[in-house]
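See structure below.
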Amino acid sequence: MRRALGQLRSVGIIGAPFSGGQPRDGVELGPDLIRAAGLLDRLRQQGCDVKDYGNLAFEDVSSDEPVGRTKRPRVVGLANQRLADAVRRVKSDGHTCVMLGGDHSLAIGSIHGHAASGSEVSVVWVDAHADINTPLTTTTGNIHGQPMSYLIHELRNKIPVMPNLSWIKPCISARDVVYIGLRDVDAEEHYILKHLGIKVFSMSEVDRLGIGKVMEQTCDHIFSKVKKPIHLSYDIDALDPSVAPATGTPVLGGLTYREGIYITEHICQTDLLSAMDIVEVNPKLGGTEDEVRSTVNAAVDLVLGCFGRVREGSHPADYEMPEP
């Protein structure tokens with residue numbers, strides 16, 4: 001599907017410099033680093049109309065003791081409520097929302113705000129991890145490993161009452177979720193994925209089928225009944241650490257740069273991308289400046305791929321010839 005000249009993609013960018021869903025400092029620096037690498041200018045060069053809503057400010061909580069196994073529920077709940085409101089505003093302004101994280105616990109607010117803007121959504125979750133532990137199954141207690149469990153209707157009765165998280169209402173169905181790139185999944189998460197019948201393309205499937213077939217089957221699955229707007233939630237650790245090493249939980253054997261970009265190009269071609277997250281870029285965990293640069297540049301390229309960046313060059317049908 002090609003977009004004619006004059007039909008600008010309208011992009012609204014929100015920075016969410018938040019690290020409370022996991023224990024490592026530095027991931028809050030992601031939004032400004034991704035901007036500093038030229039994201040906004042490069043989107044405009046691709047013909048996008050870009051509005052930067054700036055960075056959200058997040059409150060700390062003086063006393064945020066664990067609830068059961070779950071760590072920092074109060075600060076994570078407040079941050080995601082603020083983000084959900086911000087995403088809803090961006091969508092009401094008519095933009096495709098790009099949320100720059102921050103850690104992946106922010107998907108709670110991003111997807112919740114997207115769904116609250118007026119339509120059911122499909123979620124394509126690209127990640128080394130399933131992030132579908134519940135507060136009762138988590139082994140680490142970190143909420144960046146739990147966001148999907150708060151959002152899926154079928155897991156509603158598995159979520160205990162938690163301070164500052166009770167505002168969350170499940171907003172997606174298991175049948176509307178596709179995972180791509182999984183390779184480090186807890187035993188309880190395996191059970192949840194199987195029990196709910198969620199469509200999963202682990203790295204084994206990517207190897208077996210090839211990324212082209214994976215994306216064809218992804219779209220066949222999420223468009224099998226009704227074509228809903230797509231929310232793409234992209235954890236930078238889906239990419240192999242040789243491409244994106246500056247992240248909190250790297251796992252060997254991930255997506256190549258080319259596979260990672262192809263996912264975004266394919267989703268762009270559906271013309272149904274409505275919001276995306278790019279999360280878990282952590283410059284403090286890069287061993288060298290080159291490792292940080294590689295990770296940040298990969299994040300920029302993933303966003304650009306969602307909005308029409310074409311690796312083989314411009315197609316003549318995309319542009320009108322200037323008057324002589």
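Ordered as shown in the structure tokens, chains take letters A, B, and onward, while each chain numbers its residues from 1 and ligands are numbered from 1 in the order shown.
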
>> Please extract the residues of region 46-195 of chain A with a backbone DSSP assignment of helix (DSSP H, G or I) and present them as an NGL selection string.
In response: :A and (73-92 or 104-116 or 143-145 or 147-151 or 153-158 or 174-176 or 187-195)

> Quick one: residues within 9 Å of Val281 (chain A), only C-alpha atoms counted, chain neighbours fewer than 6 positions away excluded, as a ChimeraX atom specification?
Replying inline: /A:26-31,33-34,101-103,235-237,244-248,292,295-296,299

Just the selected residues (C-alpha atoms), exported as a compact mmCIF listing (two decimals), in the first residue's frame, please.
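Dumped everything to result_6.txt:
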# COMPACT_ATOMS: atom_id res chain seq x y z
CA GLY A 26 19.80 4.77 32.90
CA VAL A 27 16.73 3.65 30.97
CA GLU A 28 15.10 7.00 31.80
CA LEU A 29 17.70 8.63 29.51
CA GLY A 30 16.33 6.83 26.44
CA PRO A 31 13.83 9.43 25.17
CA LEU A 33 19.04 10.16 23.44
CA ILE A 34 16.67 8.93 20.72
CA GLY A 101 10.62 4.94 26.93
CA GLY A 102 11.68 4.27 29.57
CA ASP A 103 11.16 0.69 30.64
CA ASP A 235 11.48 -3.65 23.22
CA ILE A 236 14.97 -2.94 21.90
CA ASP A 237 16.13 -6.23 23.44
CA ALA A 244 21.52 -3.37 20.49
CA PRO A 245 23.71 -4.19 23.50
CA ALA A 246 22.80 -1.16 25.67
CA THR A 247 19.71 -2.59 27.32
CA GLY A 248 18.77 -4.08 30.67
CA VAL A 292 25.35 2.98 23.01
CA THR A 295 21.53 0.76 20.24
CA VAL A 296 20.18 4.30 19.94
CA ALA A 299 15.86 2.50 17.96

So that I can check the surroundings of region 203-216 of chain A, please list as a short mmCIF file (atom, residue, chain, number, x, y, z; two decimals) with C-alpha atoms, in the first residue's frame every protein, DNA and RNA residue that reaches within 12 Å of it, counting only C-alpha atoms and ignoring chain neighbours fewer than 2 positions away.
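Result written to out23.cif:
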data_model
loop_
_atom_site.label_atom_id
_atom_site.label_comp_id
_atom_site.auth_asym_id
_atom_site.auth_seq_id
_atom_site.Cartn_x
_atom_site.Cartn_y
_atom_site.Cartn_z
CA VAL A 124 2.13 -6.68 18.11
CA VAL A 126 8.25 -7.51 19.71
CA ASP A 127 10.49 -8.59 22.56
CA ALA A 128 12.89 -11.23 23.84
CA HIS A 129 10.49 -11.64 26.78
CA VAL A 178 0.90 -11.47 18.53
CA TYR A 179 4.38 -11.93 19.98
CA ILE A 180 7.52 -11.85 17.82
CA GLY A 181 11.09 -12.61 18.89
CA LEU A 182 10.55 -14.49 22.17
CA ARG A 183 13.51 -16.47 23.47
CA ASP A 184 13.55 -16.03 27.27
CA VAL A 185 10.14 -16.99 28.67
CA LYS A 199 -0.13 -16.31 18.80
CA VAL A 200 3.63 -16.51 19.36
CA PHE A 201 6.53 -16.42 16.92
CA THR A 218 1.00 -12.06 11.94
CA CYS A 219 -1.23 -9.93 9.74
CA ASP A 220 -3.39 -12.90 8.73
CA HIS A 221 -3.98 -13.55 12.44
CA ILE A 222 -4.76 -10.03 13.62
CA PHE A 223 -6.85 -9.21 10.54
CA SER A 224 -8.73 -12.52 10.45
CA ALA A 238 14.19 -8.07 20.73
CA LEU A 239 17.25 -7.30 18.60
CA ASP A 240 20.34 -9.38 19.09
CA VAL A 251 19.46 -12.24 25.36
CA LEU A 252 21.66 -13.86 22.72
CA GLY A 253 20.09 -15.18 19.52
CA GLY A 254 17.81 -12.26 18.77
CA LEU A 255 16.51 -10.56 15.65
CA THR A 256 19.09 -9.28 13.21
CA TYR A 257 18.99 -5.60 12.28
CA ARG A 258 17.39 -6.53 8.96
CA GLU A 259 14.71 -8.71 10.56
CA GLY A 260 13.95 -6.05 13.15
CA ILE A 261 13.52 -3.35 10.52
CA TYR A 262 11.46 -5.61 8.25
CA ILE A 263 8.84 -5.95 11.01
CA THR A 264 8.35 -2.18 11.06
CA GLU A 265 8.27 -1.91 7.27
CA HIS A 266 5.61 -4.58 7.00
CA ILE A 267 3.43 -2.97 9.66
CA CYS A 268 3.84 0.41 7.94
CA GLN A 269 2.51 -1.12 4.72
CA THR A 270 -0.73 -2.19 6.44
#

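In terms of minimum interatomic distance to Trp167 (chain A), A:His112 ranks closest within A:Arg311, A:Arg69, A:His112, A:Arg44, counting only C-alpha atoms.
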
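Separating CA of Glu65 (chain A) from CA of Ser105 (chain A) is a distance of 17.4 Å.
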
Tell me, as a compact mmCIF listing (two decimals) with N, CA, C and O atoms, in the first residue's frame, which residues lie within 8 Å of Gly68 (chain A), counting only C-alpha atoms; anything in the same chain fewer than 2 positions away does not count.
# COMPACT_ATOMS: atom_id res chain seq x y z
N PRO A 66 6.99 -3.21 48.55
CA PRO A 66 6.42 -4.25 47.69
C PRO A 66 5.05 -4.70 48.20
O PRO A 66 4.77 -4.68 49.40
N THR A 70 5.44 -8.02 44.12
CA THR A 70 5.56 -6.94 43.13
C THR A 70 6.19 -5.69 43.73
O THR A 70 5.74 -5.16 44.75
N PRO A 135 1.17 -10.53 38.96
CA PRO A 135 1.78 -10.27 40.26
C PRO A 135 1.96 -11.53 41.11
O PRO A 135 2.77 -11.54 42.03
N LEU A 136 1.21 -12.59 40.77
CA LEU A 136 1.29 -13.82 41.54
C LEU A 136 2.32 -14.80 40.97
O LEU A 136 2.77 -15.71 41.69

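Nearest residue to Gly287 (chain A) among A:Ser242, A:Leu8, A:Cys48, A:Leu302 is A:Ser242, counting only C-alpha atoms.
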